[in-house]
>>> print(open('coords.txt').read())   # compact mmCIF, C-alpha atoms
# COMPACT_ATOMS: atom_id res chain seq x y z
CA MET A 133 -78.37 152.67 42.73
CA SER A 134 -81.72 153.73 44.15
CA ASP A 135 -81.79 154.92 47.77
CA SER A 136 -85.54 154.42 48.15
CA VAL A 137 -86.73 153.20 51.54
CA ILE A 138 -90.41 153.17 50.57
CA ARG A 139 -91.65 151.85 47.24
CA VAL A 140 -95.38 151.76 46.48
CA GLU A 141 -96.55 150.19 43.22
CA HIS A 142 -100.12 150.32 41.89
CA LEU A 143 -101.58 150.22 45.38
CA SER A 144 -105.37 149.86 45.61
CA LYS A 145 -107.73 149.16 48.48
CA ARG A 146 -111.40 148.27 48.11
CA TYR A 147 -113.93 148.16 50.94
CA ARG A 148 -117.43 146.79 51.01
CA LEU A 149 -119.78 149.42 52.39
CA GLY A 150 -120.99 148.34 55.80
CA GLN A 151 -118.37 145.57 56.06
CA ILE A 152 -116.58 145.08 59.36
CA ASP A 153 -112.93 144.35 58.69
CA PRO A 154 -111.43 141.31 60.44
CA TYR A 155 -108.67 143.32 62.11
CA GLN A 156 -109.08 144.99 65.48
CA THR A 157 -109.27 148.66 66.36
CA LEU A 158 -106.52 151.02 65.21
CA ARG A 159 -105.03 151.08 68.70
CA ASP A 160 -105.05 147.30 69.04
CA ALA A 161 -103.62 146.84 65.56
CA ILE A 162 -100.74 149.23 66.27
CA ALA A 163 -100.08 147.42 69.53
CA ARG A 164 -100.03 144.08 67.69
CA VAL A 165 -97.55 145.08 65.02
CA ALA A 166 -95.38 147.72 66.65
CA VAL A 167 -93.76 145.41 69.17
CA SER A 168 -92.56 143.11 66.42
CA SER A 169 -90.78 145.86 64.48
CA SER A 170 -87.09 145.27 63.92
CA ARG A 171 -84.30 147.67 63.12
CA ALA A 172 -83.71 146.32 59.64
CA VAL A 173 -86.67 144.64 58.09
CA ARG A 174 -87.89 144.58 54.54
CA SER A 175 -91.68 144.47 54.64
CA ALA A 176 -93.72 143.80 51.56
CA PHE A 177 -97.38 143.28 50.96
CA ALA A 178 -98.77 141.82 47.79
CA GLY A 179 -102.48 142.02 47.07
CA ARG A 180 -104.04 138.61 46.65
CA SER A 181 -107.28 139.71 45.04
CA LYS A 182 -107.76 139.61 41.29
CA ALA A 183 -110.18 142.53 41.41
CA THR A 184 -109.70 145.01 38.61
CA ARG A 185 -109.43 148.78 38.86
CA ASN A 186 -112.60 149.25 36.84
CA PRO A 187 -115.54 151.10 38.39
CA SER A 188 -116.62 149.31 41.58
CA PRO A 189 -119.81 147.27 41.66
CA ASP A 190 -122.63 148.42 43.89
CA GLY A 191 -121.83 148.07 47.54
CA HIS A 192 -118.07 148.62 47.17
CA ILE A 193 -115.84 151.66 47.32
CA TRP A 194 -112.21 152.15 46.30
CA ALA A 195 -110.45 153.94 49.15
CA LEU A 196 -107.21 153.85 47.12
CA LYS A 197 -106.86 153.34 43.39
CA ASP A 198 -103.60 152.67 41.54
CA VAL A 199 -101.31 154.73 43.78
CA SER A 200 -97.58 154.59 43.04
CA PHE A 201 -94.68 156.57 44.53
CA GLU A 202 -91.21 156.23 46.07
CA VAL A 203 -89.61 157.95 49.05
CA ASP A 204 -85.84 158.26 49.36
CA ARG A 205 -83.86 157.88 52.56
CA GLY A 206 -83.97 161.08 54.62
CA GLU A 207 -86.81 162.59 52.56
CA VAL A 208 -89.92 164.16 54.12
CA LEU A 209 -92.98 163.49 51.95
CA GLY A 210 -96.19 165.42 52.54
CA VAL A 211 -99.61 163.95 51.73
CA ILE A 212 -102.61 166.27 51.48
CA GLY A 213 -106.19 165.96 50.34
CA PRO A 214 -109.78 166.40 51.51
CA ASN A 215 -111.42 164.18 54.09
CA GLY A 216 -112.18 160.77 52.60
CA ALA A 217 -109.44 161.05 49.97
CA GLY A 218 -107.70 157.85 51.13
CA LYS A 219 -104.86 159.31 53.19
CA THR A 220 -105.47 157.28 56.35
CA THR A 221 -106.04 154.09 54.34
CA LEU A 222 -102.64 154.59 52.73
CA LEU A 223 -100.99 155.02 56.11
CA LYS A 224 -102.71 151.93 57.50
CA ILE A 225 -101.24 149.86 54.69
CA LEU A 226 -97.77 151.33 55.15
CA SER A 227 -98.03 150.72 58.91
CA ARG A 228 -98.93 147.05 58.32
CA ILE A 229 -102.35 147.46 59.91
CA THR A 230 -104.26 146.34 56.84
CA GLU A 231 -103.38 144.81 53.48
CA PRO A 232 -104.04 146.19 50.02
CA THR A 233 -106.54 144.73 47.60
CA GLU A 234 -104.05 145.16 44.77
CA GLY A 235 -100.46 146.25 44.33
CA ARG A 236 -97.65 146.23 46.86
CA ALA A 237 -95.91 148.47 49.37
CA GLU A 238 -92.28 147.84 50.35
CA ILE A 239 -90.56 149.45 53.33
CA TYR A 240 -86.87 148.99 54.11
CA GLY A 241 -86.21 149.58 57.82
CA SER A 242 -88.14 149.90 61.06
CA VAL A 243 -91.37 151.88 61.10
CA GLY A 244 -92.87 154.14 63.76
CA SER A 245 -96.49 155.18 63.28
CA LEU A 246 -97.94 158.27 64.96
CA LEU A 247 -101.48 157.54 63.85
CA GLU A 248 -103.21 157.97 67.19
CA VAL A 249 -101.88 160.11 70.00
CA GLY A 250 -101.97 158.23 73.31
CA THR A 251 -101.75 154.75 71.81
CA GLY A 252 -101.59 152.17 74.61
CA PHE A 253 -102.69 154.50 77.43
CA HIS A 254 -104.56 152.88 80.31
CA TYR A 255 -106.61 155.41 82.26
CA GLU A 256 -106.24 153.59 85.58
CA LEU A 257 -102.45 153.71 85.43
CA SER A 258 -100.29 156.70 86.33
CA GLY A 259 -98.60 158.92 83.81
CA ARG A 260 -95.26 157.28 84.62
CA GLU A 261 -96.64 153.78 84.05
CA ASN A 262 -98.31 154.86 80.83
CA VAL A 263 -95.07 156.23 79.43
CA TYR A 264 -93.57 152.74 79.69
CA LEU A 265 -96.74 151.03 78.46
CA SER A 266 -97.24 153.35 75.47
CA GLY A 267 -93.53 153.27 74.64
CA ALA A 268 -93.57 149.48 74.59
CA VAL A 269 -96.67 149.46 72.38
CA LEU A 270 -94.90 151.78 69.95
CA GLY A 271 -91.87 149.48 69.81
CA MET A 272 -89.43 151.05 72.30
CA SER A 273 -87.42 148.88 74.67
CA LYS A 274 -87.38 149.53 78.42
CA ARG A 275 -83.79 150.69 78.15
CA GLU A 276 -84.73 153.22 75.47
CA ILE A 277 -87.61 154.50 77.57
CA ASP A 278 -85.36 154.76 80.65
CA GLU A 279 -82.85 156.82 78.67
CA LYS A 280 -85.50 159.15 77.24
CA PHE A 281 -87.87 159.32 80.20
CA ASP A 282 -86.72 162.73 81.46
CA ASP A 283 -86.87 164.19 77.95
CA ILE A 284 -90.37 162.79 77.43
CA VAL A 285 -91.62 164.30 80.70
CA SER A 286 -89.93 167.63 80.03
CA PHE A 287 -91.42 167.87 76.53
CA ALA A 288 -94.92 167.05 77.82
CA GLU A 289 -94.68 169.60 80.67
CA VAL A 290 -96.66 167.37 83.05
CA GLY A 291 -93.82 166.43 85.41
CA GLU A 292 -95.67 167.08 88.67
CA PHE A 293 -98.51 164.78 87.60
CA MET A 294 -96.49 161.74 86.52
CA ASP A 295 -97.63 159.67 89.52
CA THR A 296 -101.30 160.69 89.05
CA PRO A 297 -103.69 158.30 87.25
CA VAL A 298 -104.20 159.36 83.64
CA LYS A 299 -107.97 159.27 84.15
CA ARG A 300 -107.54 162.49 86.16
CA TYR A 301 -105.64 164.24 83.36
CA SER A 302 -107.31 166.81 81.18
CA ASP A 303 -107.61 166.03 77.47
CA GLY A 304 -104.77 168.45 76.79
CA MET A 305 -102.47 166.77 79.30
CA ARG A 306 -103.11 163.33 77.79
CA VAL A 307 -102.40 164.73 74.32
CA ARG A 308 -99.14 166.27 75.52
CA LEU A 309 -97.92 163.08 77.13
CA GLY A 310 -99.06 160.85 74.27
CA PHE A 311 -97.37 162.93 71.61
CA SER A 312 -94.23 163.28 73.70
CA VAL A 313 -93.84 159.49 73.92
CA ALA A 314 -94.43 159.06 70.19
CA ALA A 315 -92.17 161.98 69.29
CA HIS A 316 -89.18 160.30 70.94
CA LEU A 317 -89.34 157.21 68.74
CA GLU A 318 -86.21 156.58 66.66
CA PRO A 319 -87.29 154.30 63.78
CA ASP A 320 -85.95 154.50 60.24
CA VAL A 321 -89.33 155.57 58.85
CA ILE A 322 -91.85 157.75 60.70
CA ILE A 323 -95.48 157.90 59.57
CA VAL A 324 -97.39 160.89 60.96
CA ASP A 325 -101.14 161.34 60.57
CA GLU A 326 -102.44 164.78 61.57
CA VAL A 327 -101.09 164.54 65.11
CA LEU A 328 -99.91 168.16 64.97
CA ALA A 329 -103.52 169.37 64.95
CA VAL A 330 -103.91 168.57 68.65
CA GLY A 331 -103.29 170.54 71.83
CA ASP A 332 -103.13 174.29 72.33
CA ALA A 333 -101.31 176.74 70.09
CA SER A 334 -98.14 176.72 72.19
CA PHE A 335 -97.94 172.93 72.16
CA GLN A 336 -98.59 172.79 68.42
CA ARG A 337 -95.60 175.07 67.88
CA LYS A 338 -93.51 172.75 70.04
CA CYS A 339 -94.71 169.74 68.01
CA LEU A 340 -93.75 171.49 64.78
CA GLY A 341 -90.35 172.23 66.25
CA ARG A 342 -89.91 168.56 67.12
CA MET A 343 -90.89 167.56 63.59
CA GLY A 344 -88.28 169.96 62.30
CA GLU A 345 -85.68 168.27 64.49
CA VAL A 346 -86.71 164.85 63.13
CA ARG A 347 -86.24 166.19 59.62
CA GLY A 348 -82.79 167.48 60.54
CA GLU A 349 -81.81 164.03 61.86
CA GLY A 350 -82.18 162.61 58.35
CA ARG A 351 -85.11 160.30 59.06
CA THR A 352 -87.58 159.37 56.36
CA VAL A 353 -91.01 160.83 57.14
CA ILE A 354 -94.45 160.57 55.58
CA PHE A 355 -96.44 163.50 56.92
CA VAL A 356 -100.22 163.76 56.44
CA SER A 357 -101.78 167.06 57.46
CA HIS A 358 -104.42 169.66 56.65
CA ASP A 359 -101.97 172.35 57.83
CA MET A 360 -100.68 173.58 54.49
CA ALA A 361 -98.06 175.88 56.03
CA ALA A 362 -96.59 172.95 57.97
CA VAL A 363 -96.51 170.80 54.82
CA GLU A 364 -94.70 173.50 52.88
CA ASN A 365 -92.20 174.21 55.67
CA LEU A 366 -91.44 170.63 56.69
CA CYS A 367 -91.66 168.61 53.47
CA ASP A 368 -89.21 168.16 50.60
CA ARG A 369 -91.92 166.85 48.28
CA ALA A 370 -95.68 166.33 48.40
CA PHE A 371 -98.59 164.78 46.58
CA ALA A 372 -102.33 165.34 46.76
CA LEU A 373 -104.97 162.61 46.88
CA ALA A 374 -108.58 162.84 45.75
CA ARG A 375 -111.03 159.91 45.61
CA GLY A 376 -108.15 157.54 46.29
CA GLU A 377 -105.96 158.73 43.39
CA ILE A 378 -102.93 161.00 43.14
CA PHE A 379 -103.78 164.06 41.07
CA ALA A 380 -100.79 166.32 41.83
CA SER A 381 -97.19 165.57 42.82
CA GLY A 382 -93.97 167.52 43.14
CA ASN A 383 -92.81 170.66 44.92
CA PRO A 384 -94.97 171.25 48.05
CA SER A 385 -95.88 174.83 47.10
CA ASP A 386 -97.01 173.79 43.61
CA VAL A 387 -98.99 170.81 44.91
CA ILE A 388 -100.69 172.94 47.57
CA SER A 389 -101.66 175.51 44.94
CA GLN A 390 -103.14 172.84 42.66
CA TYR A 391 -105.01 171.28 45.57
CA LEU A 392 -106.47 174.56 46.79
CA GLU A 393 -107.46 175.57 43.28
CA SER A 394 -109.25 172.23 42.86
CA TYR A 395 -111.07 172.62 46.18
CA ALA A 396 -111.45 176.36 46.29
CA GLY A 397 -115.13 176.02 47.14
CA TYR A 398 -118.13 177.43 45.38
CA SER A 399 -116.80 180.22 43.19
CA THR A 400 -119.27 179.32 40.43
CA VAL A 401 -122.28 179.07 42.75
CA PRO A 402 -124.13 182.36 43.36
CA LEU A 403 -123.84 183.50 46.95
CA ALA A 404 -127.62 183.56 47.38
CA SER A 405 -127.81 179.88 46.34
CA ARG A 406 -125.17 178.61 48.74
CA THR A 407 -126.53 176.04 51.19
CA ASP A 408 -123.32 175.34 53.13
CA ARG A 409 -123.81 178.18 55.57
CA ARG A 410 -124.03 178.48 59.32
CA GLY A 411 -126.17 180.65 61.57
CA THR A 412 -129.74 181.31 62.58
CA GLY A 413 -130.68 182.68 59.16
CA ARG A 414 -131.97 185.91 60.72
CA PHE A 415 -130.32 187.49 57.72
CA ARG A 416 -128.39 185.96 54.81
CA PHE A 417 -125.68 187.27 52.55
CA VAL A 418 -126.94 187.21 48.96
CA GLY A 419 -124.28 189.08 47.01
CA LEU A 420 -120.70 190.35 47.09
CA ARG A 421 -119.32 192.97 44.73
CA ILE A 422 -115.61 193.88 44.78
CA SER A 423 -114.55 197.05 43.00
CA SER A 424 -111.40 199.13 42.67
CA GLY A 425 -112.91 201.56 40.21
CA PRO A 426 -116.20 201.79 38.33
CA ASN A 427 -116.43 198.08 37.44
CA PRO A 428 -116.56 194.90 39.59
CA THR A 429 -113.39 192.84 39.69
CA ASP A 430 -111.71 189.91 41.41
CA THR A 431 -108.20 191.36 41.00
CA VAL A 432 -106.92 194.41 42.88
CA ARG A 433 -103.58 196.12 43.37
CA CYS A 434 -101.78 196.27 46.70
CA GLY A 435 -102.26 199.85 47.93
CA ALA A 436 -105.24 200.63 45.68
CA PRO A 437 -108.63 201.81 47.02
CA VAL A 438 -111.05 198.87 47.21
CA ASP A 439 -114.73 198.57 48.11
CA PHE A 440 -116.44 195.35 49.23
CA GLU A 441 -120.22 195.65 48.85
CA VAL A 442 -122.04 192.89 50.74
CA SER A 443 -125.76 192.55 50.02
CA TYR A 444 -128.10 190.87 52.48
CA GLU A 445 -131.73 189.93 53.07
CA GLY A 446 -133.28 189.30 56.47
CA LYS A 447 -136.26 189.28 58.76
CA PRO A 448 -136.84 192.49 60.69
CA PRO A 449 -136.23 193.68 63.25
CA LEU A 450 -132.47 193.43 62.68
CA ARG A 451 -130.74 195.13 65.57
CA ASN A 452 -127.16 195.38 66.82
CA VAL A 453 -125.74 193.98 63.60
CA ASP A 454 -122.03 193.24 63.22
CA VAL A 455 -120.58 192.15 59.87
CA ALA A 456 -117.08 190.99 58.98
CA ILE A 457 -114.94 189.85 56.08
CA LEU A 458 -112.10 187.44 56.86
CA PHE A 459 -109.26 187.02 54.36
CA TYR A 460 -107.51 183.63 54.22
CA ASN A 461 -104.26 182.95 52.41
CA GLN A 462 -103.54 179.86 50.29
CA PHE A 463 -102.59 177.86 53.39
CA GLY A 464 -105.94 178.45 55.09
CA THR A 465 -104.56 180.98 57.59
CA CYS A 466 -106.62 184.07 58.35
CA VAL A 467 -104.35 187.02 57.63
CA LEU A 468 -106.81 189.91 57.89
CA LEU A 469 -110.09 190.60 59.68
CA ALA A 470 -112.18 193.51 58.52
CA GLY A 471 -115.06 193.69 61.02
CA SER A 472 -117.47 196.46 61.86
CA ALA A 473 -117.43 195.76 65.61
CA ILE A 474 -113.66 195.90 66.00
CA ILE A 475 -113.63 199.47 64.65
CA GLY A 476 -116.51 200.41 66.96
CA LYS A 477 -119.22 200.31 64.30
CA VAL A 478 -122.25 198.22 65.27
CA PHE A 479 -125.41 198.92 63.30
CA ASP A 480 -128.19 199.60 65.80
CA GLU A 481 -130.94 198.74 63.32
CA VAL A 482 -130.93 197.90 59.63
CA PRO A 483 -133.73 197.37 57.06
CA ALA A 484 -134.84 193.95 55.82
CA LYS A 485 -132.74 194.36 52.65
CA GLY A 486 -129.62 196.36 52.01
CA THR A 487 -125.91 196.48 51.38
CA PHE A 488 -123.02 196.83 53.77
CA VAL A 489 -119.92 198.50 52.31
CA CYS A 490 -116.40 197.90 53.62
CA ARG A 491 -113.92 200.44 52.21
CA PHE A 492 -110.14 200.33 52.10
CA ALA A 493 -108.41 203.57 51.16
CA LYS A 494 -105.23 201.53 50.50
CA PHE A 495 -105.69 197.78 50.32
CA PRO A 496 -102.96 196.28 52.55
CA LEU A 497 -102.63 192.65 51.48
CA MET A 498 -99.48 191.61 49.63
CA PRO A 499 -99.65 189.94 46.20
CA GLY A 500 -101.24 186.51 46.28
CA THR A 501 -104.52 184.61 46.24
CA TYR A 502 -107.00 185.05 49.09
CA HIS A 503 -110.30 183.37 49.98
CA LEU A 504 -113.00 185.42 51.67
CA LEU A 505 -115.33 184.39 54.49
CA LEU A 506 -118.41 186.47 55.24
CA GLY A 507 -119.84 186.53 58.75
CA GLY A 508 -122.65 188.43 60.43
CA ASP A 509 -124.24 188.60 63.90
CA THR A 510 -127.39 190.07 65.37
CA ASN A 511 -127.35 190.76 69.11
CA SER A 512 -124.08 188.79 69.32
CA VAL A 513 -125.73 185.68 67.82
CA GLN A 514 -124.40 184.33 64.53
CA ALA A 515 -126.92 184.99 61.77
CA ASP A 516 -124.93 183.86 58.73
CA GLU A 517 -121.48 182.61 57.79
CA VAL A 518 -120.31 181.66 54.30
CA LYS A 519 -116.84 180.28 53.69
CA ASP A 520 -115.12 180.74 50.32
CA ALA A 521 -117.60 183.45 49.45
CA ALA A 522 -115.15 184.78 46.85
CA THR A 523 -111.57 184.45 45.66
CA LEU A 524 -109.50 187.62 45.44
CA GLN A 525 -106.29 188.06 43.47
CA VAL A 526 -103.93 190.77 44.70
CA VAL A 527 -101.19 191.97 42.37
CA GLU A 528 -98.16 194.19 42.89
CA GLY A 529 -98.83 197.84 43.56
CA ASP A 530 -96.95 200.93 44.78
CA TYR A 531 -98.45 200.88 48.29
CA TYR A 532 -96.00 203.41 49.73
CA GLY A 533 -95.91 205.76 46.75
CA SER A 534 -92.14 205.35 46.65
CA GLY A 535 -91.86 203.76 43.25
CA LYS A 536 -90.94 200.48 44.96
CA LEU A 537 -93.28 197.50 44.74
CA PRO A 538 -93.51 195.35 47.89
CA PRO A 539 -92.05 191.98 46.82
CA ARG A 540 -94.06 188.77 46.85
CA GLY A 541 -93.19 186.37 49.64
CA TYR A 542 -92.14 188.97 52.21
CA GLY A 543 -94.99 189.15 54.69
CA GLU A 544 -98.75 189.08 54.28
CA PHE A 545 -99.62 192.77 54.28
CA ALA A 546 -98.19 196.27 54.00
CA THR A 547 -98.80 198.96 56.61
CA PRO A 548 -97.86 202.64 56.93
CA HIS A 549 -94.67 203.24 58.89
CA GLU A 550 -91.90 205.82 59.27
CA TRP A 551 -88.13 205.73 59.57
CA GLU A 552 -85.90 208.41 61.07
CA LEU A 553 -82.42 208.80 62.51
CA ALA A 554 -82.67 209.38 66.25
>>> encode(input="coords.txt", output="structure tokens")
Amino acid sequence: MSDSVIRVEHLSKRYRLGQIDPYQTLRDAIARVAVSSSRAVRSAFAGRSKATRNPSPDGHIWALKDVSFEVDRGEVLGVIGPNGAGKTTLLKILSRITEPTEGRAEIYGSVGSLLEVGTGFHYELSGRENVYLSGAVLGMSKREIDEKFDDIVSFAEVGEFMDTPVKRYSDGMRVRLGFSVAAHLEPDVIIVDEVLAVGDASFQRKCLGRMGEVRGEGRTVIFVSHDMAAVENLCDRAFALARGEIFASGNPSDVISQYLESYAGYSTVPLASRTDRRGTGRFRFVGLRISSGPNPTDTVRCGAPVDFEVSYEGKPPLRNVDVAILFYNQFGTCVLLAGSAIIGKVFDEVPAKGTFVCRFAKFPLMPGTYHLLLGGDTNSVQADEVKDAATLQVVEGDYYGSGKLPPRGYGEFATPHEWELA
């Protein structure tokens, strides 16, 4: 017998460009539906429109198109994709905020939606009053809020300000309190939309820890995020959306790899022709050559000598120039910065055209795929920045000269070190 608590069949949603939907704002809609959630409810939506899934006529756009999946009880499902892929539309349908144009979505059990941190907050009320107001909006009873109040305040770390009007809180304090209320929901199904991308680094780590606890409690979670590391660590399964359709599904690591390969950037566009760049344009990067021998390459060995030759063109005078190469792993995390300024090398003056060379005697990154960002400043003002300037493959190599190859999956880079018996 199937243990599915969420079943989505051929779900599609079409919008008319420029149309104002009849429902209220996201906050108002959550407030309207959350209070009516029960502990054991089977919710189902069936699209009433006879619209087909053929290409849309002018003036319409398919936010979702023929999406089908199931989520089992206690499973954590990750949903990834670029902006505009249809992720939020999917969550709105599952949260009963809007209805599909076609198909159906069935949920067995109560639903808690963390779609907007701070839902129900009133800026004229105190933090204490807003905990009860927001908790009620999200479907918690007064008794539940009473029982969890101390935990909510402790998690948010704003205890001394609980009797202060929220309008006097900083943005960070409001985020802390809003997430803390939402994080203490106990529904059967939790729908999370990018709420872990808020707050400072310390609070984000705490949020991730709380999500890990939710996973350990056996709740069913749909987790939408651009944080690929969080998706891989927290989710049992994932799928990727693009243009409203699922194009990859399965193990989170495999889905993330397929997604990043599909949206790796502009590897086929010459660097000089890239238009998605930032900076004053005082100088521009026009070429990048990677070599670990006499010929250019995009694959190097861990521990091998590697040169990165970065060509540029600019408008003289170019003074106090700092250039850098940032290496990002497959999850979008910067794992290495190779910058001229951080090693004490700022170029006092450079010609209008030339090439900067960054040399590694032993390349330190562990085996994997890395995406390079090029950045350059003049007089501490950004002149040019190009993301995804190149993709670099690093393969196993004898970094330490010991005959042992550093294994994949154990750290991001190798570094010289010594062992001795004291």
>>> residues_around(input="coords.txt", residues="Lys274 of chain A", least_positions_apart="5", cutoff="12 Å", atoms="only C-alpha atoms", output="ChimeraX atom specification")
/A:167,261,263-269,279-281
>>> residues_near_point(input="coords.txt", point="(-107.4, 164.2, 81.2)", cutoff="12 Å", atoms="all atoms listed in the file", output="number ranges by chain")
A: 250, 253-256, 258-259, 290, 293, 296-310
>>> closest_atom_pairs(input="coords.txt", of="segment 364-466 of chain A", to="segment 507-525 of chain A", cutoff="10 Å", atoms="all atoms listed in the file", output="JSON lines")
{"residue": "A:Tyr395", "atom": "CA", "partner": "A:Asp520", "partner_atom": "CA", "distance": 10.0}
{"residue": "A:Ala396", "atom": "CA", "partner": "A:Asp520", "partner_atom": "CA", "distance": 7.0}
{"residue": "A:Gly397", "atom": "CA", "partner": "A:Asp520", "partner_atom": "CA", "distance": 5.7}
{"residue": "A:Tyr398", "atom": "CA", "partner": "A:Asp520", "partner_atom": "CA", "distance": 6.7}
{"residue": "A:Ser399", "atom": "CA", "partner": "A:Ala522", "partner_atom": "CA", "distance": 6.1}
{"residue": "A:Thr400", "atom": "CA", "partner": "A:Ala522", "partner_atom": "CA", "distance": 9.4}
{"residue": "A:Val401", "atom": "CA", "partner": "A:Ala521", "partner_atom": "CA", "distance": 9.3}
{"residue": "A:Pro402", "atom": "CA", "partner": "A:Ala521", "partner_atom": "CA", "distance": 9.0}
{"residue": "A:Leu403", "atom": "CA", "partner": "A:Ala521", "partner_atom": "CA", "distance": 6.7}
{"residue": "A:Arg406", "atom": "CA", "partner": "A:Val518", "partner_atom": "CA", "distance": 8.0}
{"residue": "A:Thr407", "atom": "CA", "partner": "A:Val518", "partner_atom": "CA", "distance": 8.9}
{"residue": "A:Asp408", "atom": "CA", "partner": "A:Val518", "partner_atom": "CA", "distance": 7.1}
{"residue": "A:Arg409", "atom": "CA", "partner": "A:Val518", "partner_atom": "CA", "distance": 5.1}
{"residue": "A:Arg410", "atom": "CA", "partner": "A:Glu517", "partner_atom": "CA", "distance": 5.1}
{"residue": "A:Gly411", "atom": "CA", "partner": "A:Ala515", "partner_atom": "CA", "distance": 4.4}
{"residue": "A:Thr412", "atom": "CA", "partner": "A:Ala515", "partner_atom": "CA", "distance": 4.7}
{"residue": "A:Gly413", "atom": "CA", "partner": "A:Ala515", "partner_atom": "CA", "distance": 5.1}
{"residue": "A:Arg414", "atom": "CA", "partner": "A:Ala515", "partner_atom": "CA", "distance": 5.2}
{"residue": "A:Phe415", "atom": "CA", "partner": "A:Ala515", "partner_atom": "CA", "distance": 5.8}
{"residue": "A:Arg416", "atom": "CA", "partner": "A:Asp516", "partner_atom": "CA", "distance": 5.6}
{"residue": "A:Phe417", "atom": "CA", "partner": "A:Asp516", "partner_atom": "CA", "distance": 7.1}
{"residue": "A:Gly419", "atom": "CA", "partner": "A:Ala521", "partner_atom": "CA", "distance": 9.1}
{"residue": "A:Leu420", "atom": "CA", "partner": "A:Ala522", "partner_atom": "CA", "distance": 7.9}
{"residue": "A:Arg421", "atom": "CA", "partner": "A:Ala522", "partner_atom": "CA", "distance": 9.4}
{"residue": "A:Ile422", "atom": "CA", "partner": "A:Leu524", "partner_atom": "CA", "distance": 8.8}
{"residue": "A:Thr429", "atom": "CA", "partner": "A:Leu524", "partner_atom": "CA", "distance": 8.7}
{"residue": "A:Asp430", "atom": "CA", "partner": "A:Leu524", "partner_atom": "CA", "distance": 5.1}
{"residue": "A:Thr431", "atom": "CA", "partner": "A:Gln525", "partner_atom": "CA", "distance": 4.5}
{"residue": "A:Val432", "atom": "CA", "partner": "A:Gln525", "partner_atom": "CA", "distance": 6.4}
{"residue": "A:Arg433", "atom": "CA", "partner": "A:Gln525", "partner_atom": "CA", "distance": 8.5}
{"residue": "A:Cys434", "atom": "CA", "partner": "A:Gln525", "partner_atom": "CA", "distance": 9.9}
{"residue": "A:Tyr444", "atom": "CA", "partner": "A:Asp516", "partner_atom": "CA", "distance": 9.9}
{"residue": "A:Gly446", "atom": "CA", "partner": "A:Ala515", "partner_atom": "CA", "distance": 9.3}
{"residue": "A:Pro449", "atom": "CA", "partner": "A:Thr510", "partner_atom": "CA", "distance": 9.8}
{"residue": "A:Leu450", "atom": "CA", "partner": "A:Thr510", "partner_atom": "CA", "distance": 6.7}
{"residue": "A:Arg451", "atom": "CA", "partner": "A:Thr510", "partner_atom": "CA", "distance": 6.1}
{"residue": "A:Asn452", "atom": "CA", "partner": "A:Asn511", "partner_atom": "CA", "distance": 5.2}
{"residue": "A:Val453", "atom": "CA", "partner": "A:Thr510", "partner_atom": "CA", "distance": 4.6}
{"residue": "A:Asp454", "atom": "CA", "partner": "A:Asp509", "partner_atom": "CA", "distance": 5.2}
{"residue": "A:Val455", "atom": "CA", "partner": "A:Gly508", "partner_atom": "CA", "distance": 4.3}
{"residue": "A:Ala456", "atom": "CA", "partner": "A:Gly507", "partner_atom": "CA", "distance": 5.2}
{"residue": "A:Ile457", "atom": "CA", "partner": "A:Gly507", "partner_atom": "CA", "distance": 6.5}
{"residue": "A:Leu458", "atom": "CA", "partner": "A:Gly507", "partner_atom": "CA", "distance": 8.0}
{"residue": "A:Phe459", "atom": "CA", "partner": "A:Leu524", "partner_atom": "CA", "distance": 8.9}
{"residue": "A:Tyr460", "atom": "CA", "partner": "A:Asp520", "partner_atom": "CA", "distance": 9.0}
{"residue": "A:Asn461", "atom": "CA", "partner": "A:Leu524", "partner_atom": "CA", "distance": 9.9}
>>> atom_distance(input="coords.txt", atom1="atom CA of Ser357 of chain A", atom2="atom CA of Ala314 of chain A")
16.7 Å
>>> residues_near_point(input="coords.txt", point="(-103.0, 149.1, 44.0)", cutoff="6 Å", atoms="only C-alpha atoms", output="JSON, numbers by chain")
{"A": [142, 143, 144, 197, 198, 199, 234, 235]}
>>> atom_distance(input="coords.txt", atom1="atom CA of Gly500 of chain A", atom2="atom CA of Lys219 of chain A")
28.3 Å
>>> atom_distance(input="coords.txt", atom1="atom CA of Ala315 of chain A", atom2="atom CA of Cys339 of chain A")
8.3 Å
>>> residues_around(input="coords.txt", residues="Gly206 of chain A", least_positions_apart="5", cutoff="12 Å", atoms="only C-alpha atoms", output="ChimeraX atom specification")
/A:135-138,319-322,346-354,367-369
>>> closest_residue(input="coords.txt", among="A:Glu441, A:Leu223, A:Asp282, A:Val363", to="Ser424 of chain A", atoms="only C-alpha atoms")
A:Glu441
>>> closest_residue(input="coords.txt", among="A:Glu552, A:Glu289, A:Tyr147, A:Phe201", to="Phe371 of chain A", atoms="all atoms listed in the file")
A:Phe201
